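Have a look at model_6.cif below; it lists mmCIF, N, CA and C atoms.
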```cif
data_start
#
loop_
_atom_site.label_atom_id
_atom_site.label_comp_id
_atom_site.auth_asym_id
_atom_site.auth_seq_id
_atom_site.Cartn_x
_atom_site.Cartn_y
_atom_site.Cartn_z
N MET A 1354 244.52 -3.22 110.69
CA MET A 1354 244.68 -1.79 110.57
C MET A 1354 246.16 -1.43 110.61
N ASN A 1355 246.58 -0.54 109.74
CA ASN A 1355 247.97 -0.09 109.70
C ASN A 1355 248.16 1.10 110.63
N THR A 1356 249.02 0.93 111.59
CA THR A 1356 249.32 2.00 112.53
C THR A 1356 250.11 3.10 111.82
N LYS A 1357 249.76 4.33 112.08
CA LYS A 1357 250.45 5.47 111.47
C LYS A 1357 251.65 5.87 112.32
N ILE A 1358 252.64 6.43 111.66
CA ILE A 1358 253.86 6.85 112.32
C ILE A 1358 253.57 7.83 113.46
N GLU A 1359 252.66 8.77 113.24
CA GLU A 1359 252.37 9.78 114.25
C GLU A 1359 251.87 9.18 115.56
N GLU A 1360 251.39 7.94 115.52
CA GLU A 1360 250.92 7.28 116.73
C GLU A 1360 252.08 6.73 117.56
N LYS A 1361 253.24 6.55 116.96
CA LYS A 1361 254.39 5.95 117.65
C LYS A 1361 255.55 6.93 117.86
N MET A 1362 255.57 8.02 117.12
CA MET A 1362 256.73 8.90 117.15
C MET A 1362 256.77 9.75 118.41
N SER A 1363 257.98 10.10 118.80
CA SER A 1363 258.18 11.03 119.90
C SER A 1363 258.03 12.44 119.35
N ARG A 1364 257.42 13.30 120.09
CA ARG A 1364 257.22 14.69 119.63
C ARG A 1364 258.44 15.56 119.92
N LYS A 1365 259.43 15.01 120.62
CA LYS A 1365 260.61 15.78 120.99
C LYS A 1365 261.71 15.56 119.95
N ILE A 1366 262.24 16.67 119.43
CA ILE A 1366 263.35 16.60 118.48
C ILE A 1366 264.62 17.05 119.21
N TYR A 1367 265.60 16.18 119.22
CA TYR A 1367 266.90 16.53 119.79
C TYR A 1367 267.85 16.85 118.65
N SER A 1368 268.62 17.92 118.82
CA SER A 1368 269.55 18.30 117.76
C SER A 1368 270.85 18.82 118.35
N VAL A 1369 271.87 18.85 117.50
CA VAL A 1369 273.19 19.37 117.86
C VAL A 1369 273.67 20.27 116.74
N GLN A 1370 274.67 21.07 117.05
CA GLN A 1370 275.27 21.94 116.04
C GLN A 1370 276.34 21.17 115.27
N SER A 1371 276.53 21.52 114.04
CA SER A 1371 277.50 20.82 113.19
C SER A 1371 278.94 21.00 113.66
N TYR A 1372 279.22 22.04 114.45
CA TYR A 1372 280.58 22.31 114.93
C TYR A 1372 280.91 21.63 116.26
N GLU A 1373 279.95 20.89 116.82
CA GLU A 1373 280.22 20.20 118.08
C GLU A 1373 281.11 18.98 117.85
N SER A 1374 281.79 18.55 118.91
CA SER A 1374 282.65 17.38 118.78
C SER A 1374 281.82 16.10 118.86
N VAL A 1375 282.31 15.06 118.23
CA VAL A 1375 281.64 13.76 118.27
C VAL A 1375 281.58 13.24 119.71
N LEU A 1376 282.59 13.51 120.49
CA LEU A 1376 282.59 13.09 121.89
C LEU A 1376 281.42 13.71 122.65
N ASP A 1377 281.21 15.01 122.49
CA ASP A 1377 280.09 15.67 123.15
C ASP A 1377 278.75 15.10 122.69
N VAL A 1378 278.66 14.83 121.40
CA VAL A 1378 277.42 14.28 120.83
C VAL A 1378 277.16 12.87 121.36
N ALA A 1379 278.20 12.07 121.43
CA ALA A 1379 278.05 10.70 121.96
C ALA A 1379 277.58 10.75 123.41
N ARG A 1380 278.09 11.69 124.17
CA ARG A 1380 277.66 11.83 125.57
C ARG A 1380 276.19 12.25 125.65
N GLN A 1381 275.77 13.13 124.74
CA GLN A 1381 274.36 13.55 124.72
C GLN A 1381 273.45 12.37 124.37
N MET A 1382 273.87 11.57 123.40
CA MET A 1382 273.09 10.39 123.03
C MET A 1382 272.98 9.43 124.20
N ALA A 1383 274.09 9.19 124.88
CA ALA A 1383 274.08 8.27 126.01
C ALA A 1383 273.17 8.79 127.13
N ALA A 1384 273.26 10.07 127.43
CA ALA A 1384 272.44 10.65 128.50
C ALA A 1384 270.95 10.56 128.19
N ARG A 1385 270.61 10.73 126.93
CA ARG A 1385 269.19 10.71 126.52
C ARG A 1385 268.71 9.32 126.12
N LYS A 1386 269.65 8.37 126.05
CA LYS A 1386 269.35 6.99 125.63
C LYS A 1386 268.69 6.96 124.25
N ILE A 1387 269.35 7.68 123.31
CA ILE A 1387 268.87 7.73 121.93
C ILE A 1387 270.03 7.39 120.98
N GLY A 1388 269.71 7.04 119.76
CA GLY A 1388 270.73 6.61 118.81
C GLY A 1388 271.00 7.58 117.68
N SER A 1389 270.36 8.75 117.71
CA SER A 1389 270.62 9.73 116.66
C SER A 1389 270.25 11.12 117.13
N LEU A 1390 270.84 12.10 116.46
CA LEU A 1390 270.51 13.51 116.69
C LEU A 1390 270.49 14.22 115.35
N LEU A 1391 269.51 15.06 115.14
CA LEU A 1391 269.51 15.89 113.94
C LEU A 1391 270.61 16.92 114.09
N VAL A 1392 271.19 17.33 112.98
CA VAL A 1392 272.27 18.31 112.99
C VAL A 1392 271.76 19.62 112.41
N THR A 1393 272.04 20.71 113.11
CA THR A 1393 271.63 22.03 112.63
C THR A 1393 272.84 22.88 112.30
N GLN A 1394 272.62 23.73 111.35
CA GLN A 1394 273.63 24.72 110.97
C GLN A 1394 272.87 25.97 110.55
N GLU A 1395 273.18 27.07 111.19
CA GLU A 1395 272.51 28.34 110.92
C GLU A 1395 270.98 28.22 111.00
N GLY A 1396 270.51 27.46 112.00
CA GLY A 1396 269.09 27.33 112.24
C GLY A 1396 268.33 26.37 111.36
N LYS A 1397 269.03 25.65 110.49
CA LYS A 1397 268.37 24.70 109.59
C LYS A 1397 268.91 23.29 109.83
N TYR A 1398 268.03 22.31 109.66
CA TYR A 1398 268.47 20.92 109.76
C TYR A 1398 269.26 20.58 108.50
N THR A 1399 270.51 20.16 108.70
CA THR A 1399 271.38 19.87 107.56
C THR A 1399 271.82 18.42 107.50
N GLY A 1400 271.47 17.62 108.49
CA GLY A 1400 271.88 16.23 108.49
C GLY A 1400 271.45 15.52 109.76
N ILE A 1401 272.00 14.33 109.91
CA ILE A 1401 271.73 13.50 111.08
C ILE A 1401 273.02 12.80 111.45
N ILE A 1402 273.27 12.65 112.73
CA ILE A 1402 274.40 11.85 113.18
C ILE A 1402 273.84 10.71 114.02
N THR A 1403 274.32 9.51 113.74
CA THR A 1403 273.81 8.32 114.40
C THR A 1403 274.95 7.58 115.09
N GLU A 1404 274.56 6.64 115.94
CA GLU A 1404 275.56 5.78 116.57
C GLU A 1404 276.39 5.08 115.50
N GLY A 1405 275.74 4.67 114.45
CA GLY A 1405 276.46 4.00 113.36
C GLY A 1405 277.50 4.89 112.72
N ASP A 1406 277.18 6.17 112.52
CA ASP A 1406 278.16 7.11 111.97
C ASP A 1406 279.38 7.20 112.88
N ILE A 1407 279.13 7.24 114.18
CA ILE A 1407 280.23 7.37 115.13
C ILE A 1407 281.11 6.11 115.11
N VAL A 1408 280.49 4.96 115.08
CA VAL A 1408 281.26 3.72 115.07
C VAL A 1408 282.03 3.55 113.76
N ARG A 1409 281.34 3.72 112.63
CA ARG A 1409 281.97 3.47 111.32
C ARG A 1409 282.96 4.55 110.90
N LYS A 1410 282.69 5.80 111.23
CA LYS A 1410 283.51 6.89 110.71
C LYS A 1410 284.51 7.46 111.71
N VAL A 1411 284.32 7.17 112.98
CA VAL A 1411 285.23 7.73 113.99
C VAL A 1411 285.98 6.60 114.70
N VAL A 1412 285.26 5.79 115.46
CA VAL A 1412 285.89 4.76 116.28
C VAL A 1412 286.70 3.78 115.43
N SER A 1413 286.11 3.26 114.36
CA SER A 1413 286.82 2.25 113.56
C SER A 1413 288.00 2.82 112.80
N ASN A 1414 288.08 4.13 112.68
CA ASN A 1414 289.21 4.78 112.00
C ASN A 1414 290.20 5.40 112.98
N ASP A 1415 290.04 5.09 114.26
CA ASP A 1415 290.91 5.64 115.32
C ASP A 1415 290.98 7.16 115.30
N ALA A 1416 289.90 7.81 114.87
CA ALA A 1416 289.85 9.27 114.89
C ALA A 1416 289.55 9.72 116.32
N PRO A 1417 290.17 10.79 116.78
CA PRO A 1417 289.91 11.25 118.15
C PRO A 1417 288.53 11.91 118.26
N PRO A 1418 287.60 11.31 119.00
CA PRO A 1418 286.23 11.84 119.06
C PRO A 1418 286.14 13.24 119.64
N GLY A 1419 287.07 13.61 120.50
CA GLY A 1419 287.05 14.94 121.08
C GLY A 1419 287.49 16.02 120.10
N GLU A 1420 288.17 15.61 119.03
CA GLU A 1420 288.66 16.55 118.03
C GLU A 1420 287.93 16.45 116.69
N THR A 1421 287.09 15.43 116.54
CA THR A 1421 286.36 15.22 115.30
C THR A 1421 285.03 15.96 115.37
N LEU A 1422 284.77 16.78 114.37
CA LEU A 1422 283.53 17.56 114.35
C LEU A 1422 282.38 16.76 113.74
N VAL A 1423 281.20 17.02 114.22
CA VAL A 1423 279.99 16.39 113.69
C VAL A 1423 279.91 16.59 112.18
N SER A 1424 280.23 17.78 111.70
CA SER A 1424 280.11 18.10 110.27
C SER A 1424 280.93 17.17 109.39
N SER A 1425 281.98 16.58 109.94
CA SER A 1425 282.83 15.71 109.13
C SER A 1425 282.36 14.26 109.06
N VAL A 1426 281.41 13.89 109.91
CA VAL A 1426 280.96 12.49 109.91
C VAL A 1426 279.44 12.32 109.80
N MET A 1427 278.70 13.41 109.85
CA MET A 1427 277.24 13.30 109.79
C MET A 1427 276.78 12.84 108.41
N THR A 1428 275.59 12.31 108.37
CA THR A 1428 274.96 11.94 107.12
C THR A 1428 274.15 13.14 106.66
N THR A 1429 274.43 13.62 105.46
CA THR A 1429 273.78 14.86 105.00
C THR A 1429 272.49 14.61 104.22
N SER A 1430 272.28 13.42 103.74
CA SER A 1430 271.04 13.16 103.01
C SER A 1430 270.00 12.63 103.99
N LEU A 1431 269.03 13.47 104.29
CA LEU A 1431 267.97 13.09 105.21
C LEU A 1431 266.90 12.30 104.46
N ILE A 1432 266.67 11.08 104.90
CA ILE A 1432 265.62 10.26 104.31
C ILE A 1432 264.38 10.47 105.16
N THR A 1433 263.30 10.87 104.52
CA THR A 1433 262.11 11.28 105.26
C THR A 1433 260.90 10.40 104.96
N ILE A 1434 259.93 10.53 105.83
CA ILE A 1434 258.64 9.87 105.67
C ILE A 1434 257.59 10.79 106.29
N GLU A 1435 256.41 10.80 105.73
CA GLU A 1435 255.32 11.64 106.24
C GLU A 1435 254.72 11.02 107.51
N SER A 1436 254.30 11.86 108.42
CA SER A 1436 253.77 11.40 109.72
C SER A 1436 252.51 10.56 109.58
N ASP A 1437 251.77 10.72 108.49
CA ASP A 1437 250.55 9.93 108.33
C ASP A 1437 250.77 8.65 107.52
N ASP A 1438 252.04 8.35 107.18
CA ASP A 1438 252.35 7.07 106.53
C ASP A 1438 252.33 5.96 107.59
N SER A 1439 252.31 4.73 107.13
CA SER A 1439 252.21 3.59 108.05
C SER A 1439 253.58 3.16 108.57
N LEU A 1440 253.54 2.45 109.69
CA LEU A 1440 254.77 1.89 110.25
C LEU A 1440 255.38 0.87 109.30
N SER A 1441 254.55 0.14 108.58
CA SER A 1441 255.09 -0.83 107.62
C SER A 1441 255.83 -0.13 106.49
N GLU A 1442 255.37 1.05 106.09
CA GLU A 1442 256.08 1.83 105.08
C GLU A 1442 257.42 2.31 105.63
N ALA A 1443 257.43 2.75 106.88
CA ALA A 1443 258.68 3.17 107.52
C ALA A 1443 259.68 2.02 107.56
N SER A 1444 259.20 0.87 107.94
CA SER A 1444 260.06 -0.32 108.00
C SER A 1444 260.64 -0.66 106.63
N SER A 1445 259.81 -0.56 105.62
CA SER A 1445 260.24 -0.85 104.25
C SER A 1445 261.32 0.14 103.79
N ILE A 1446 261.14 1.42 104.09
CA ILE A 1446 262.12 2.44 103.70
C ILE A 1446 263.44 2.21 104.44
N MET A 1447 263.36 1.88 105.73
CA MET A 1447 264.57 1.62 106.50
C MET A 1447 265.34 0.43 105.92
N LYS A 1448 264.62 -0.62 105.62
CA LYS A 1448 265.25 -1.83 105.07
C LYS A 1448 265.88 -1.53 103.71
N LYS A 1449 265.16 -0.86 102.85
CA LYS A 1449 265.65 -0.54 101.50
C LYS A 1449 266.92 0.30 101.54
N ASN A 1450 267.00 1.24 102.50
CA ASN A 1450 268.13 2.16 102.59
C ASN A 1450 269.18 1.74 103.61
N ASN A 1451 268.95 0.60 104.26
CA ASN A 1451 269.87 0.07 105.27
C ASN A 1451 270.16 1.11 106.36
N ILE A 1452 269.08 1.68 106.90
CA ILE A 1452 269.20 2.68 107.95
C ILE A 1452 268.30 2.30 109.13
N ARG A 1453 268.52 2.96 110.26
CA ARG A 1453 267.72 2.69 111.45
C ARG A 1453 266.94 3.89 111.94
N HIS A 1454 267.09 5.05 111.26
CA HIS A 1454 266.40 6.27 111.66
C HIS A 1454 265.82 6.97 110.45
N LEU A 1455 264.58 7.43 110.58
CA LEU A 1455 263.91 8.19 109.52
C LEU A 1455 263.45 9.52 110.09
N VAL A 1456 263.61 10.56 109.29
CA VAL A 1456 263.13 11.88 109.68
C VAL A 1456 261.65 11.95 109.28
N VAL A 1457 260.82 12.34 110.22
CA VAL A 1457 259.38 12.40 110.00
C VAL A 1457 258.98 13.84 109.69
N THR A 1458 258.21 14.00 108.61
CA THR A 1458 257.76 15.33 108.22
C THR A 1458 256.24 15.42 108.23
N LYS A 1459 255.77 16.63 108.35
CA LYS A 1459 254.34 16.91 108.26
C LYS A 1459 254.20 18.27 107.58
N ARG A 1460 253.51 18.29 106.47
CA ARG A 1460 253.32 19.52 105.68
C ARG A 1460 254.66 20.20 105.37
N GLY A 1461 255.67 19.39 105.06
CA GLY A 1461 256.97 19.92 104.65
C GLY A 1461 257.94 20.25 105.77
N GLY A 1462 257.47 20.21 107.01
CA GLY A 1462 258.35 20.52 108.13
C GLY A 1462 258.73 19.28 108.92
N ILE A 1463 259.92 19.29 109.49
CA ILE A 1463 260.38 18.16 110.29
C ILE A 1463 259.70 18.20 111.65
N VAL A 1464 259.09 17.07 112.03
CA VAL A 1464 258.36 17.01 113.29
C VAL A 1464 258.90 15.96 114.26
N ALA A 1465 259.73 15.03 113.77
CA ALA A 1465 260.24 13.96 114.64
C ALA A 1465 261.29 13.14 113.91
N VAL A 1466 261.89 12.24 114.67
CA VAL A 1466 262.73 11.19 114.12
C VAL A 1466 262.18 9.89 114.68
N ILE A 1467 262.02 8.89 113.83
CA ILE A 1467 261.54 7.59 114.30
C ILE A 1467 262.64 6.57 114.03
N SER A 1468 262.84 5.69 115.00
CA SER A 1468 263.90 4.69 114.88
C SER A 1468 263.31 3.30 114.69
N ALA A 1469 264.19 2.39 114.30
CA ALA A 1469 263.76 0.99 114.15
C ALA A 1469 263.23 0.47 115.49
N GLY A 1470 263.85 0.88 116.57
CA GLY A 1470 263.37 0.47 117.89
C GLY A 1470 261.97 0.97 118.18
N ASP A 1471 261.66 2.18 117.72
CA ASP A 1471 260.30 2.72 117.91
C ASP A 1471 259.28 1.84 117.20
N LEU A 1472 259.66 1.30 116.05
CA LEU A 1472 258.73 0.47 115.28
C LEU A 1472 258.40 -0.83 116.01
N LEU A 1473 259.33 -1.29 116.84
CA LEU A 1473 259.15 -2.55 117.54
C LEU A 1473 258.35 -2.43 118.83
N GLN A 1474 258.19 -1.21 119.33
CA GLN A 1474 257.47 -1.02 120.60
C GLN A 1474 255.97 -1.02 120.41
#
```
Turn the structure described in the file into structure tokens.
Amino acid sequence: MNTKIEEKMSRKIYSVQSYESVLDVARQMAARKIGSLLVTQEGKYTGIITEGDIVRKVVSNDAPPGETLVSSVMTTSLITIESDDSLSEASSIMKKNNIRHLVVTKRGGIVAVISAGDLLQ
């Protein structure tokens, strides 16, 4: 039997504003023990910021995290999957796109984010 994403996903969505600093966002991720946050602007989800974004776009470029805004390093193309799709489909999409986080939707609305770690639990 193929397990559906909705059986493994967290129902809690954590998000940050696009104008927040990367340092503040990194601290929020560490406190919550998560690897990504959805980014909102004017009440709409406009992207995602991940640990990988912070490492590749901020730390490795010696950019000051306290002065770097989320909007300048976030990933704006949200790759999504439906909540009733299978975990194997999620894994396939992650592998194909070389990502570790997928935005989960249900009836067109965002309901969760699922990570590669979630797939392994």
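Distances from A:Met1427, A:Ser1445, A:Thr1433, A:Lys1361 to Val1392 of chain A were compared using all atoms listed in the file, and the smallest one belongs to A:Met1427.
The smallest atom-to-atom distance between Tyr1372 of chain A and any of A:Ser1425, A:Pro1418, A:Asn1355, A:Gly1405, using only C-alpha atoms, is found for A:Ser1425.
Minimum atom-to-atom distance to Thr1356 of chain A, evaluated using only C-alpha atoms, belongs to A:Ala1443 out of A:Ala1443, A:Val1369, A:Leu1376, A:Ile1402.
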Using backbone DSSP assignments, extract all alpha helix (DSSP H) residues from segment 1359-1410 of chain A; output them as an NGL selection string.
-> :A and (1375-1385 or 1404-1410)
Filtering to N, CA and C atoms, could you give me those residues as a PDB file, keeping the file's coordinate frame?
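Writing done, so here's result_16.pdb:
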```
ATOM      1  N   VAL A1375     282.310  15.060 118.230  1.00  0.00           N
ATOM      2  CA  VAL A1375     281.640  13.760 118.270  1.00  0.00           C
ATOM      3  C   VAL A1375     281.580  13.240 119.710  1.00  0.00           C
ATOM      4  N   LEU A1376     282.590  13.510 120.490  1.00  0.00           N
ATOM      5  CA  LEU A1376     282.590  13.090 121.890  1.00  0.00           C
ATOM      6  C   LEU A1376     281.420  13.710 122.650  1.00  0.00           C
ATOM      7  N   ASP A1377     281.210  15.010 122.490  1.00  0.00           N
ATOM      8  CA  ASP A1377     280.090  15.670 123.150  1.00  0.00           C
ATOM      9  C   ASP A1377     278.750  15.100 122.690  1.00  0.00           C
ATOM     10  N   VAL A1378     278.660  14.830 121.400  1.00  0.00           N
ATOM     11  CA  VAL A1378     277.420  14.280 120.830  1.00  0.00           C
ATOM     12  C   VAL A1378     277.160  12.870 121.360  1.00  0.00           C
ATOM     13  N   ALA A1379     278.200  12.070 121.430  1.00  0.00           N
ATOM     14  CA  ALA A1379     278.050  10.700 121.960  1.00  0.00           C
ATOM     15  C   ALA A1379     277.580  10.750 123.410  1.00  0.00           C
ATOM     16  N   ARG A1380     278.090  11.690 124.170  1.00  0.00           N
ATOM     17  CA  ARG A1380     277.660  11.830 125.570  1.00  0.00           C
ATOM     18  C   ARG A1380     276.190  12.250 125.650  1.00  0.00           C
ATOM     19  N   GLN A1381     275.770  13.130 124.740  1.00  0.00           N
ATOM     20  CA  GLN A1381     274.360  13.550 124.720  1.00  0.00           C
ATOM     21  C   GLN A1381     273.450  12.370 124.370  1.00  0.00           C
ATOM     22  N   MET A1382     273.870  11.570 123.400  1.00  0.00           N
ATOM     23  CA  MET A1382     273.090  10.390 123.030  1.00  0.00           C
ATOM     24  C   MET A1382     272.980   9.430 124.200  1.00  0.00           C
ATOM     25  N   ALA A1383     274.090   9.190 124.880  1.00  0.00           N
ATOM     26  CA  ALA A1383     274.080   8.270 126.010  1.00  0.00           C
ATOM     27  C   ALA A1383     273.170   8.790 127.130  1.00  0.00           C
ATOM     28  N   ALA A1384     273.260  10.070 127.430  1.00  0.00           N
ATOM     29  CA  ALA A1384     272.440  10.650 128.500  1.00  0.00           C
ATOM     30  C   ALA A1384     270.950  10.560 128.190  1.00  0.00           C
ATOM     31  N   ARG A1385     270.610  10.730 126.930  1.00  0.00           N
ATOM     32  CA  ARG A1385     269.190  10.710 126.520  1.00  0.00           C
ATOM     33  C   ARG A1385     268.710   9.320 126.120  1.00  0.00           C
ATOM     34  N   GLU A1404     274.560   6.640 115.940  1.00  0.00           N
ATOM     35  CA  GLU A1404     275.560   5.780 116.570  1.00  0.00           C
ATOM     36  C   GLU A1404     276.390   5.080 115.500  1.00  0.00           C
ATOM     37  N   GLY A1405     275.740   4.670 114.450  1.00  0.00           N
ATOM     38  CA  GLY A1405     276.460   4.000 113.360  1.00  0.00           C
ATOM     39  C   GLY A1405     277.500   4.890 112.720  1.00  0.00           C
ATOM     40  N   ASP A1406     277.180   6.170 112.520  1.00  0.00           N
ATOM     41  CA  ASP A1406     278.160   7.110 111.970  1.00  0.00           C
ATOM     42  C   ASP A1406     279.380   7.200 112.880  1.00  0.00           C
ATOM     43  N   ILE A1407     279.130   7.240 114.180  1.00  0.00           N
ATOM     44  CA  ILE A1407     280.230   7.370 115.130  1.00  0.00           C
ATOM     45  C   ILE A1407     281.110   6.110 115.110  1.00  0.00           C
ATOM     46  N   VAL A1408     280.490   4.960 115.080  1.00  0.00           N
ATOM     47  CA  VAL A1408     281.260   3.720 115.070  1.00  0.00           C
ATOM     48  C   VAL A1408     282.030   3.550 113.760  1.00  0.00           C
ATOM     49  N   ARG A1409     281.340   3.720 112.630  1.00  0.00           N
ATOM     50  CA  ARG A1409     281.970   3.470 111.320  1.00  0.00           C
ATOM     51  C   ARG A1409     282.960   4.550 110.900  1.00  0.00           C
ATOM     52  N   LYS A1410     282.690   5.800 111.230  1.00  0.00           N
ATOM     53  CA  LYS A1410     283.510   6.890 110.710  1.00  0.00           C
ATOM     54  C   LYS A1410     284.510   7.460 111.710  1.00  0.00           C
TER      55      LYS A1410
END
```
Any chance you could list, as a PyMOL selection string, the residues in chain A that come up strand (DSSP E or B) when DSSP is run on the backbone?
-> chain A and resi 1357+1368-1370+1374+1389-1394+1397-1403+1422+1428+1433-1435+1439+1454-1459+1462-1468
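When the PyMOL selection byres ((chain A and resi 1421) around 6) is evaluated on the file shown here, the picked residues come out as Glu1373, Ser1374, Val1375, Pro1417, Pro1418, Gly1419, Glu1420, Leu1422 and Val1423 of chain A.
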Taking the file above as input, evaluate the PyMOL selection byres ((chain A and resi 1465) around 6) and report the hits as an MDAnalysis selection string.
-> chainID A and resid 1363:1366 1455:1458 1463:1464 1466:1467
Output file for the selection above: N, CA and C atoms, as a tab-separated table (two decimals), in the frame of the given file:
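What follows is the written file out-v8.tsv:
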```tsv
chain	number	residue	atom	x	y	z
A	1363	SER	N	257.98	10.10	118.80
A	1363	SER	CA	258.18	11.03	119.90
A	1363	SER	C	258.03	12.44	119.35
A	1364	ARG	N	257.42	13.30	120.09
A	1364	ARG	CA	257.22	14.69	119.63
A	1364	ARG	C	258.44	15.56	119.92
A	1365	LYS	N	259.43	15.01	120.62
A	1365	LYS	CA	260.61	15.78	120.99
A	1365	LYS	C	261.71	15.56	119.95
A	1366	ILE	N	262.24	16.67	119.43
A	1366	ILE	CA	263.35	16.60	118.48
A	1366	ILE	C	264.62	17.05	119.21
A	1455	LEU	N	264.58	7.43	110.58
A	1455	LEU	CA	263.91	8.19	109.52
A	1455	LEU	C	263.45	9.52	110.09
A	1456	VAL	N	263.61	10.56	109.29
A	1456	VAL	CA	263.13	11.88	109.68
A	1456	VAL	C	261.65	11.95	109.28
A	1457	VAL	N	260.82	12.34	110.22
A	1457	VAL	CA	259.38	12.40	110.00
A	1457	VAL	C	258.98	13.84	109.69
A	1458	THR	N	258.21	14.00	108.61
A	1458	THR	CA	257.76	15.33	108.22
A	1458	THR	C	256.24	15.42	108.23
A	1463	ILE	N	259.92	19.29	109.49
A	1463	ILE	CA	260.38	18.16	110.29
A	1463	ILE	C	259.70	18.20	111.65
A	1464	VAL	N	259.09	17.07	112.03
A	1464	VAL	CA	258.36	17.01	113.29
A	1464	VAL	C	258.90	15.96	114.26
A	1466	VAL	N	261.89	12.24	114.67
A	1466	VAL	CA	262.73	11.19	114.12
A	1466	VAL	C	262.18	9.89	114.68
A	1467	ILE	N	262.02	8.89	113.83
A	1467	ILE	CA	261.54	7.59	114.30
A	1467	ILE	C	262.64	6.57	114.03
```
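Atom CA of Val1426 of chain A is found 27.5 Å from atom C of Lys1459 of chain A.
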Please indicate the distance in Å from atom CA of Leu1472 of chain A to atom C of Ile1401 of chain A, rounded to one decimal place.
->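 A separation of 19.3 Å between them.
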Neighbour list for Ile1387 of chain A as JSON, numbers by chain, cut-off 8 Å, only N, CA and C atoms, skip fewer than 6 positions in-chain = {"A": [1381, 1403, 1404]}
Find the spatial neighbours of Ser1441 of chain A, counting only C-alpha atoms, within a cut-off of 12 Å - ignore same-chain residues fewer than 2 positions away - and output them as a list in words.
-> Met1354, Asn1355, Thr1356, Lys1357, Ile1358, Ile1434, Asp1437, Asp1438, Ser1439, Ala1443, Ser1444, Ser1445, Ile1446, Met1447, Lys1448, Ala1469, Leu1472 and Leu1473 of chain A
Please, what distance in Å, to one decimal, runs between atom C of Glu1359 of chain A and atom N of Ser1436 of chain A?
->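 Going from atom C of Glu1359 of chain A over to atom N of Ser1436 of chain A, I get 8.0 Å.
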List every protein, DNA or RNA residue that has at least one atom no more than 6 Å from (272.8, 22.4, 116.4) in the file's coordinates, counting only N, CA and C atoms, and write the result as a PyMOL selection string.
-> chain A and resi 1368-1371+1392-1394
Just to be explicit: take each residue in the selection above, keep N, CA and C atoms, and write the result as a PDB file, in the coordinates of the input.
```pdb
ATOM      1  N   SER A1368     268.620  17.920 118.820  1.00  0.00           N
ATOM      2  CA  SER A1368     269.550  18.300 117.760  1.00  0.00           C
ATOM      3  C   SER A1368     270.850  18.820 118.350  1.00  0.00           C
ATOM      4  N   VAL A1369     271.870  18.850 117.500  1.00  0.00           N
ATOM      5  CA  VAL A1369     273.190  19.370 117.860  1.00  0.00           C
ATOM      6  C   VAL A1369     273.670  20.270 116.740  1.00  0.00           C
ATOM      7  N   GLN A1370     274.670  21.070 117.050  1.00  0.00           N
ATOM      8  CA  GLN A1370     275.270  21.940 116.040  1.00  0.00           C
ATOM      9  C   GLN A1370     276.340  21.170 115.270  1.00  0.00           C
ATOM     10  N   SER A1371     276.530  21.520 114.040  1.00  0.00           N
ATOM     11  CA  SER A1371     277.500  20.820 113.190  1.00  0.00           C
ATOM     12  C   SER A1371     278.940  21.000 113.660  1.00  0.00           C
ATOM     13  N   VAL A1392     271.190  17.330 112.980  1.00  0.00           N
ATOM     14  CA  VAL A1392     272.270  18.310 112.990  1.00  0.00           C
ATOM     15  C   VAL A1392     271.760  19.620 112.410  1.00  0.00           C
ATOM     16  N   THR A1393     272.040  20.710 113.110  1.00  0.00           N
ATOM     17  CA  THR A1393     271.630  22.030 112.630  1.00  0.00           C
ATOM     18  C   THR A1393     272.840  22.880 112.300  1.00  0.00           C
ATOM     19  N   GLN A1394     272.620  23.730 111.350  1.00  0.00           N
ATOM     20  CA  GLN A1394     273.630  24.720 110.970  1.00  0.00           C
ATOM     21  C   GLN A1394     272.870  25.970 110.550  1.00  0.00           C
TER      22      GLN A1394
END
```
Select, from A:Ser1424, A:Leu1440, A:Lys1410, A:Lys1397, the residue with the minimum atom-to-atom distance to Gly1462 of chain A, counting only C-alpha atoms.
->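 Checking each of A:Ser1424, A:Leu1440, A:Lys1410, A:Lys1397 against Gly1462 of chain A, counting only C-alpha atoms, the winner is A:Lys1397.
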Nearest to Asp1406 of chain A, chosen from A:Met1382, A:Met1362, A:Ile1452, A:Thr1428, with only N, CA and C atoms counted in the distances |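 Ranking A:Met1382, A:Met1362, A:Ile1452, A:Thr1428 by distance to Asp1406 of chain A, first place goes to A:Thr1428.
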